[in-house]
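Participant: Let me begin by handing over the structure; questions about it come next.
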Amino acid sequence: MSGKDIENLKKSMKEMVSDSIEKLQNYLRLPTVSAQHKAIPETVEYVVKMIKEIDGEAKVLDDLGGNPVVYGFFKASKQEDSTKTLLFYNHYDVQPPEPLNEWNTDPFEPTIIDGKLYARGVADNKGDLVARLTAIRILQNSEGGLPCNVKFLIEGEEEIGSPHLAPYLEKYRDLFQADACIWEFGGKDVKNRINMVAGIKGMAYMELTSIGADIDMHSSLGAYVDNAAWRLVHALVTMKNNQNEIVVDGFFDGIEEPTESEKQIVSALPFDEEAIKRIYGLKLPLITAAKGVDPRIAMVFYPTMTICGLESGYTGEGAKTVLPKKAKAKIDCRLVPGQDPEHIFECVKKHLKNYGFHDIEVKLINGQKAFRSDYNHPFIDHVIQTAEEVYENEVVLAPNAAGTGPMYIFGEQLKLPIVSTGVGWAESKAHAPNESIRIQDFEDGIVHMAHMLNGFNHALERE
């Protein structure tokens, strides 16, 4: 397409964007926290409504447990264009908003300040869904119409590990079959370059529990009573040393070593350490510094073990001298291709028993395998090229993200190329207080999706 075609898309976007932002704000007001089982039916109803309002077909799949999966379908405007299908993956659930006292605005009352829209879930992932639906609406109203079939899979459990998605994809594989997939998220870095990924890390998310008594006790009994909190801390220390090395036997089994070309690609990715320190207010050096490891290599190719939360005893204001009866830790391990979450779970259990912590209960909350798409597929080239044309800036593509999602299930069940891009920015702060997107990025993301769809059929013909 020519620059004139892109300008026409921008003009159409400007005519619709106010209505789209209003729809997005209404969507964001729904506190769809899957971890807390909030607002699921209302959100499903709203998602279906958005699809049907622009003449899409919507089905709610809820026969296999968990939160419903929404299927959306938009048929190509011309019969001759209906041989190719693009699938969008999105999720309607969001992270809990806590800690609430760190928000500058109400997390579920979307607020625009200085060209930025603040709300929980706006970057992850509600803004992207509305942008994609708006792009479809623009093309439906254009002279050429929608140039290919478009499907959506919109689930409601991504933020808790998509525990029920695999059975839905297996049963409804034919319904979601497509030629390529655009994943849920993405955005611009500190230099306003669009960052994309063609894969994702896996995860083993575990809960470790130490129980020492039936009730909390006076802390003076610590002279002879074991402390569940100390017991758990000692157990945690055995799994990762003070050089930040994971020392659980078997943890690294099966890892597929990256190729030299993959290493070169990752080593060339932009990385602004000072910007990261500023954005997150880091107080300590990067853990890769002491080892002389490139943070980019670690982010893409190294597995991790992170304590996500600790809970025990009294944590309120002031003092309460208590010996806690129980202590709990939440741990996530981000996995790379070749690692299996069930195997990691078994390794952790065996490790703790070998170190004498047979009393520590270990529970696997959820597990997902890592996935990398075909980095050289023509579809991925097409998404990059159209982004460069719309954003008029460099595009950065990584083999996989540092985060996790159910991409492996899609690759296994649907056998299609996948790339992730979206409307976020370097300071979107997904999963953190004051999550946001910039309105300009939302507008540009709409135009990019419309432009990408216009050339989709031709791109696949090069395969």
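The chains in the structure tokens are called A, B, ... from first to last as shown; in each chain the residues are counted from 1, and the ligands are counted from 1 in the order shown.
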Write out as a short mmCIF file (atom, residue, chain, number, x, y, z; two decimals) with C-alpha atoms, in the first residue's frame which residues come within 9 Å of Gln25 (chain A) when counting only C-alpha atoms, dropping same-chain ones fewer than 6 positions away.

Facilitator:
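So part-v1.cif came out as:
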data_model
loop_
_atom_site.label_atom_id
_atom_site.label_comp_id
_atom_site.auth_asym_id
_atom_site.auth_seq_id
_atom_site.Cartn_x
_atom_site.Cartn_y
_atom_site.Cartn_z
CA GLU A 109 -12.15 4.50 36.71
CA PRO A 110 -10.19 5.13 33.48
CA THR A 111 -8.65 8.58 33.54
CA LEU A 117 -5.11 6.70 29.69
CA ALA A 119 -6.53 2.07 34.34
CA VAL A 122 -5.52 -0.85 29.70
#

Participant: Residues at most 12 Å from Ile380 (chain A), counting only C-alpha atoms, excluding those fewer than 6 positions away in the same chain, as a PDB file with C-alpha atoms, in the first residue's frame?

Facilitator:
ATOM      1  CA  ASP A 179      -3.195 -19.154   8.777  1.00  0.00           C
ATOM      2  CA  ALA A 180      -1.400 -16.893  11.264  1.00  0.00           C
ATOM      3  CA  CYS A 181      -1.845 -15.299  14.674  1.00  0.00           C
ATOM      4  CA  ILE A 182      -1.282 -11.880  16.230  1.00  0.00           C
ATOM      5  CA  TRP A 183      -0.584 -12.308  19.950  1.00  0.00           C
ATOM      6  CA  MET A 196       7.694  -7.431  18.950  1.00  0.00           C
ATOM      7  CA  VAL A 197       8.310 -11.028  19.954  1.00  0.00           C
ATOM      8  CA  ALA A 198       7.886 -14.305  18.083  1.00  0.00           C
ATOM      9  CA  GLY A 199       7.802 -16.469  21.176  1.00  0.00           C
ATOM     10  CA  SER A 373       7.643 -19.343  16.364  1.00  0.00           C
ATOM     11  CA  ASP A 374       9.401 -19.547  13.012  1.00  0.00           C
ATOM     12  CA  THR A 386       3.755  -2.711   7.896  1.00  0.00           C
ATOM     13  CA  ALA A 387       4.745  -1.477  11.355  1.00  0.00           C
ATOM     14  CA  VAL A 395      11.015  -2.323  14.670  1.00  0.00           C
ATOM     15  CA  VAL A 396      12.761  -4.564  17.206  1.00  0.00           C
ATOM     16  CA  LEU A 397      11.926  -8.287  17.037  1.00  0.00           C
ATOM     17  CA  ALA A 398      13.063 -10.759  19.723  1.00  0.00           C
ATOM     18  CA  PRO A 399      12.840 -14.578  19.506  1.00  0.00           C
ATOM     19  CA  LEU A 416       0.652 -21.437  12.775  1.00  0.00           C
ATOM     20  CA  PRO A 417       3.169 -18.551  12.898  1.00  0.00           C
ATOM     21  CA  ILE A 418       2.697 -16.174  15.834  1.00  0.00           C
ATOM     22  CA  VAL A 419       3.999 -12.678  16.487  1.00  0.00           C
ATOM     23  CA  SER A 420       3.076 -10.281  19.268  1.00  0.00           C
ATOM     24  CA  THR A 421       2.558  -6.541  18.924  1.00  0.00           C
ATOM     25  CA  MET A 452      -1.387  -5.136   8.219  1.00  0.00           C
ATOM     26  CA  PHE A 456      -2.284 -10.099   4.775  1.00  0.00           C
ATOM     27  CA  ALA A 459       2.033 -11.786   2.432  1.00  0.00           C
ATOM     28  CA  LEU A 460       0.905 -15.407   2.851  1.00  0.00           C
ATOM     29  CA  ARG A 462       4.955 -15.589  -0.482  1.00  0.00           C
ATOM     30  CA  GLU A 463       5.099 -18.521   1.912  1.00  0.00           C
TER      31      GLU A 463
END

Participant: Could you go through region 190-226 of chain A and tell me which residues DSSP, when run on the backbone, assigns to strand (DSSP E or B), listing them as a ChimeraX atom specification?

Facilitator: /A:194-197,199-211,217-218

Participant: Residues of the last selection are to be written out with N, CA and C atoms, as a CSV table (one decimal), in the first residue's frame.

Facilitator:
chain,number,residue,atom,x,y,z
A,194,ILE,N,8.9,0.2,18.1
A,194,ILE,CA,7.9,-0.9,18.4
A,194,ILE,C,8.7,-2.2,18.6
A,195,ASN,N,8.4,-2.8,19.8
A,195,ASN,CA,9.1,-4.1,20.1
A,195,ASN,C,8.1,-5.2,19.9
A,196,MET,N,8.5,-6.3,19.2
A,196,MET,CA,7.7,-7.4,18.9
A,196,MET,C,8.4,-8.7,19.4
A,197,VAL,N,7.7,-9.7,19.6
A,197,VAL,CA,8.3,-11.0,20.0
A,197,VAL,C,7.6,-12.1,19.1
A,199,GLY,N,7.8,-15.3,20.2
A,199,GLY,CA,7.8,-16.5,21.2
A,199,GLY,C,7.6,-16.0,22.6
A,200,ILE,N,7.7,-16.9,23.5
A,200,ILE,CA,7.3,-16.5,24.9
A,200,ILE,C,8.0,-17.6,25.8
A,201,LYS,N,8.3,-17.1,27.1
A,201,LYS,CA,8.8,-18.1,28.0
A,201,LYS,C,7.7,-18.9,28.7
A,202,GLY,N,8.0,-20.0,29.2
A,202,GLY,CA,7.0,-20.8,29.9
A,202,GLY,C,7.1,-20.4,31.4
A,203,MET,N,6.3,-21.2,32.2
A,203,MET,CA,6.3,-20.9,33.7
A,203,MET,C,5.9,-22.1,34.5
A,204,ALA,N,6.6,-22.2,35.6
A,204,ALA,CA,6.1,-23.1,36.7
A,204,ALA,C,5.8,-22.2,37.9
A,205,TYR,N,4.6,-22.1,38.3
A,205,TYR,CA,4.2,-21.2,39.4
A,205,TYR,C,3.8,-22.1,40.6
A,206,MET,N,4.6,-21.9,41.7
A,206,MET,CA,4.4,-22.8,42.8
A,206,MET,C,4.1,-22.1,44.1
A,207,GLU,N,3.4,-22.7,45.0
A,207,GLU,CA,3.2,-22.2,46.3
A,207,GLU,C,3.8,-23.2,47.3
A,208,LEU,N,4.7,-22.6,48.2
A,208,LEU,CA,5.4,-23.4,49.2
A,208,LEU,C,4.8,-23.0,50.6
A,209,THR,N,4.4,-24.0,51.4
A,209,THR,CA,3.8,-23.7,52.7
A,209,THR,C,4.5,-24.5,53.8
A,210,SER,N,4.8,-23.7,54.8
A,210,SER,CA,5.4,-24.3,56.0
A,210,SER,C,4.4,-24.2,57.2
A,211,ILE,N,4.0,-25.3,57.8
A,211,ILE,CA,3.1,-25.2,59.0
A,211,ILE,C,3.8,-25.8,60.2
A,217,MET,N,1.6,-18.1,68.2
A,217,MET,CA,2.0,-18.2,69.6
A,217,MET,C,2.8,-16.9,70.0
A,218,HIS,N,2.9,-16.7,71.3
A,218,HIS,CA,3.8,-15.6,71.9
A,218,HIS,C,5.2,-15.9,71.4

Participant: Pick out the residues sitting within 7 Å of region 321-331 of chain A, and hand them over as an NGL selection string; count only C-alpha atoms, and ignore anything fewer than 2 positions along from it in its own chain.

Facilitator: :A and (205-219 or 222 or 227-229 or 232 or 305-313 or 319 or 333)

Participant: Just C-alpha atoms for this one: save the residues we selected as a PDB file, in the first residue's frame.

Facilitator:
ATOM      1  CA  TYR A 205       4.208 -21.181  39.395  1.00  0.00           C
ATOM      2  CA  MET A 206       4.370 -22.813  42.797  1.00  0.00           C
ATOM      3  CA  GLU A 207       3.158 -22.229  46.332  1.00  0.00           C
ATOM      4  CA  LEU A 208       5.361 -23.379  49.212  1.00  0.00           C
ATOM      5  CA  THR A 209       3.793 -23.717  52.669  1.00  0.00           C
ATOM      6  CA  SER A 210       5.402 -24.318  56.048  1.00  0.00           C
ATOM      7  CA  ILE A 211       3.099 -25.211  58.968  1.00  0.00           C
ATOM      8  CA  GLY A 212       4.588 -25.342  62.463  1.00  0.00           C
ATOM      9  CA  ALA A 213       1.566 -25.269  64.764  1.00  0.00           C
ATOM     10  CA  ASP A 214      -2.205 -25.006  64.949  1.00  0.00           C
ATOM     11  CA  ILE A 215      -2.190 -21.435  66.291  1.00  0.00           C
ATOM     12  CA  ASP A 216       0.059 -18.380  66.395  1.00  0.00           C
ATOM     13  CA  MET A 217       2.045 -18.183  69.639  1.00  0.00           C
ATOM     14  CA  HIS A 218       3.759 -15.637  71.860  1.00  0.00           C
ATOM     15  CA  SER A 219       7.191 -14.974  70.378  1.00  0.00           C
ATOM     16  CA  GLY A 222      10.873 -19.035  70.116  1.00  0.00           C
ATOM     17  CA  ASN A 227       9.340 -20.942  63.629  1.00  0.00           C
ATOM     18  CA  ALA A 228       7.398 -21.722  60.429  1.00  0.00           C
ATOM     19  CA  ALA A 229       8.588 -18.480  58.819  1.00  0.00           C
ATOM     20  CA  LEU A 232      10.409 -21.547  55.028  1.00  0.00           C
ATOM     21  CA  MET A 305      13.281 -18.412  39.878  1.00  0.00           C
ATOM     22  CA  THR A 306      11.490 -15.502  41.557  1.00  0.00           C
ATOM     23  CA  ILE A 307       9.866 -15.127  44.958  1.00  0.00           C
ATOM     24  CA  CYS A 308       6.649 -13.307  44.093  1.00  0.00           C
ATOM     25  CA  GLY A 309       5.260 -13.032  47.592  1.00  0.00           C
ATOM     26  CA  LEU A 310       5.814 -14.007  51.238  1.00  0.00           C
ATOM     27  CA  GLU A 311       3.098 -14.278  53.857  1.00  0.00           C
ATOM     28  CA  SER A 312       3.415 -15.054  57.537  1.00  0.00           C
ATOM     29  CA  GLY A 313       2.608 -13.773  60.993  1.00  0.00           C
ATOM     30  CA  ALA A 319       4.438  -4.350  66.816  1.00  0.00           C
ATOM     31  CA  CYS A 333      10.027 -19.998  37.466  1.00  0.00           C
TER      32      CYS A 333
END

Participant: Record the distance separating CA of His37 (chain A) and CA of Phe88 (chain A), expressed in Å with one decimal.

Facilitator: 24.4 Å

Participant: Kindly indicate which residue among A:Arg120, A:His343, A:Lys84, A:Arg132 lies nearest to Gly72 (chain A), using only C-alpha atoms for the distances.

Facilitator: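 Looking only at the distances to Gly72 (chain A), the closest residue turns out to be A:Arg132.
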
Participant: Please compute the CA of Ser77 (chain A)-CA of Leu139 (chain A) distance, one decimal, in Å.

Facilitator: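 Between CA of Ser77 (chain A) and CA of Leu139 (chain A) the gap is 9.3 Å.
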
Participant: Could you check the closest approach to Gln36 (chain A) for each of A:Gly338, A:Glu98, A:Thr83, A:Asp253 and tell me which residue wins, using only C-alpha atoms?

Facilitator: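 So, comparing all the options, the nearest one is A:Glu98.
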
Participant: Once DSSP has gone over the backbone, tell me which residues of region 100-284 of chain A are in alpha helix (DSSP H), as a PDB file with C-alpha atoms, in the first residue's frame.

Facilitator:
ATOM      1  CA  GLY A 127      -6.585  -1.640  24.950  1.00  0.00           C
ATOM      2  CA  ASP A 128      -5.264  -4.028  22.301  1.00  0.00           C
ATOM      3  CA  LEU A 129      -8.621  -5.763  21.835  1.00  0.00           C
ATOM      4  CA  VAL A 130     -10.471  -2.488  21.263  1.00  0.00           C
ATOM      5  CA  ALA A 131      -7.751  -1.271  18.865  1.00  0.00           C
ATOM      6  CA  ARG A 132      -8.077  -4.470  16.801  1.00  0.00           C
ATOM      7  CA  LEU A 133     -11.852  -4.279  16.664  1.00  0.00           C
ATOM      8  CA  THR A 134     -11.595  -0.643  15.575  1.00  0.00           C
ATOM      9  CA  ALA A 135      -9.214  -1.611  12.754  1.00  0.00           C
ATOM     10  CA  ILE A 136     -11.765  -4.144  11.510  1.00  0.00           C
ATOM     11  CA  ARG A 137     -14.505  -1.528  11.650  1.00  0.00           C
ATOM     12  CA  ILE A 138     -12.381   0.876   9.571  1.00  0.00           C
ATOM     13  CA  LEU A 139     -11.821  -1.745   6.877  1.00  0.00           C
ATOM     14  CA  GLN A 140     -15.470  -2.797   6.840  1.00  0.00           C
ATOM     15  CA  LEU A 165      -7.460 -23.057  27.707  1.00  0.00           C
ATOM     16  CA  ALA A 166      -5.818 -26.254  26.403  1.00  0.00           C
ATOM     17  CA  PRO A 167      -9.039 -28.327  26.480  1.00  0.00           C
ATOM     18  CA  TYR A 168     -10.949 -25.537  24.713  1.00  0.00           C
ATOM     19  CA  LEU A 169      -8.338 -25.279  21.963  1.00  0.00           C
ATOM     20  CA  GLU A 170      -8.247 -29.044  21.575  1.00  0.00           C
ATOM     21  CA  LYS A 171     -12.035 -29.425  21.335  1.00  0.00           C
ATOM     22  CA  ARG A 173      -9.434 -26.579  17.086  1.00  0.00           C
ATOM     23  CA  ASP A 174     -11.363 -26.363  13.831  1.00  0.00           C
ATOM     24  CA  LEU A 175     -13.257 -23.287  15.008  1.00  0.00           C
ATOM     25  CA  PHE A 176     -10.012 -21.413  15.700  1.00  0.00           C
ATOM     26  CA  ALA A 228       7.398 -21.722  60.429  1.00  0.00           C
ATOM     27  CA  ALA A 229       8.588 -18.480  58.819  1.00  0.00           C
ATOM     28  CA  TRP A 230      12.271 -19.157  59.505  1.00  0.00           C
ATOM     29  CA  ARG A 231      11.743 -22.743  58.364  1.00  0.00           C
ATOM     30  CA  LEU A 232      10.409 -21.547  55.028  1.00  0.00           C
ATOM     31  CA  VAL A 233      13.150 -18.929  54.619  1.00  0.00           C
ATOM     32  CA  HIS A 234      15.826 -21.567  55.223  1.00  0.00           C
ATOM     33  CA  ALA A 235      14.175 -23.825  52.645  1.00  0.00           C
ATOM     34  CA  LEU A 236      14.090 -21.018  50.072  1.00  0.00           C
ATOM     35  CA  VAL A 237      17.776 -20.252  50.622  1.00  0.00           C
ATOM     36  CA  GLU A 260      24.498 -18.727  17.280  1.00  0.00           C
ATOM     37  CA  SER A 261      22.244 -16.694  14.999  1.00  0.00           C
ATOM     38  CA  GLU A 262      19.651 -16.398  17.784  1.00  0.00           C
ATOM     39  CA  LYS A 263      22.361 -15.236  20.190  1.00  0.00           C
ATOM     40  CA  GLN A 264      23.543 -12.622  17.700  1.00  0.00           C
ATOM     41  CA  ILE A 265      19.993 -11.340  17.195  1.00  0.00           C
ATOM     42  CA  VAL A 266      19.408 -11.036  20.941  1.00  0.00           C
ATOM     43  CA  SER A 267      22.808  -9.437  21.578  1.00  0.00           C
ATOM     44  CA  GLU A 273      19.891   0.080  31.644  1.00  0.00           C
ATOM     45  CA  GLU A 274      19.571   3.637  32.910  1.00  0.00           C
ATOM     46  CA  ALA A 275      16.022   3.940  31.563  1.00  0.00           C
ATOM     47  CA  ILE A 276      15.030   0.694  33.297  1.00  0.00           C
ATOM     48  CA  LYS A 277      16.532   1.899  36.577  1.00  0.00           C
ATOM     49  CA  ARG A 278      14.608   5.161  36.241  1.00  0.00           C
ATOM     50  CA  ILE A 279      11.254   3.620  35.282  1.00  0.00           C
ATOM     51  CA  TYR A 280      11.241   1.103  38.143  1.00  0.00           C
TER      52      TYR A 280
END

Participant: Neighbouring residues of His91 (chain A) were defined as those with any atom within 7 Å, considering only C-alpha atoms; residues of the same chain fewer than 2 positions away were excluded. Please report them as an mmCIF file with N, CA and C atoms, in the first residue's frame.

Facilitator:
data_model
loop_
_atom_site.group_PDB
_atom_site.id
_atom_site.type_symbol
_atom_site.label_atom_id
_atom_site.label_comp_id
_atom_site.auth_asym_id
_atom_site.auth_seq_id
_atom_site.Cartn_x
_atom_site.Cartn_y
_atom_site.Cartn_z
ATOM 1 N N ASP A 93 -9.363 -10.792 31.090
ATOM 2 C CA ASP A 93 -9.095 -10.671 32.525
ATOM 3 C C ASP A 93 -7.877 -9.790 32.770
ATOM 4 N N ASN A 125 -4.962 -6.344 28.928
ATOM 5 C CA ASN A 125 -4.787 -6.390 27.502
ATOM 6 C C ASN A 125 -5.997 -5.772 26.794
ATOM 7 N N ILE A 154 -10.684 -14.921 22.747
ATOM 8 C CA ILE A 154 -10.565 -13.983 23.867
ATOM 9 C C ILE A 154 -10.891 -14.763 25.144
ATOM 10 N N GLU A 155 -9.874 -15.041 25.937
ATOM 11 C CA GLU A 155 -10.076 -15.874 27.122
ATOM 12 C C GLU A 155 -10.104 -15.029 28.393
ATOM 13 N N GLY A 156 -10.468 -15.656 29.496
ATOM 14 C CA GLY A 156 -10.607 -14.934 30.752
ATOM 15 C C GLY A 156 -9.767 -15.463 31.883
ATOM 16 N N GLU A 158 -5.975 -15.707 31.445
ATOM 17 C CA GLU A 158 -4.557 -15.548 31.121
ATOM 18 C C GLU A 158 -3.754 -15.117 32.338
#
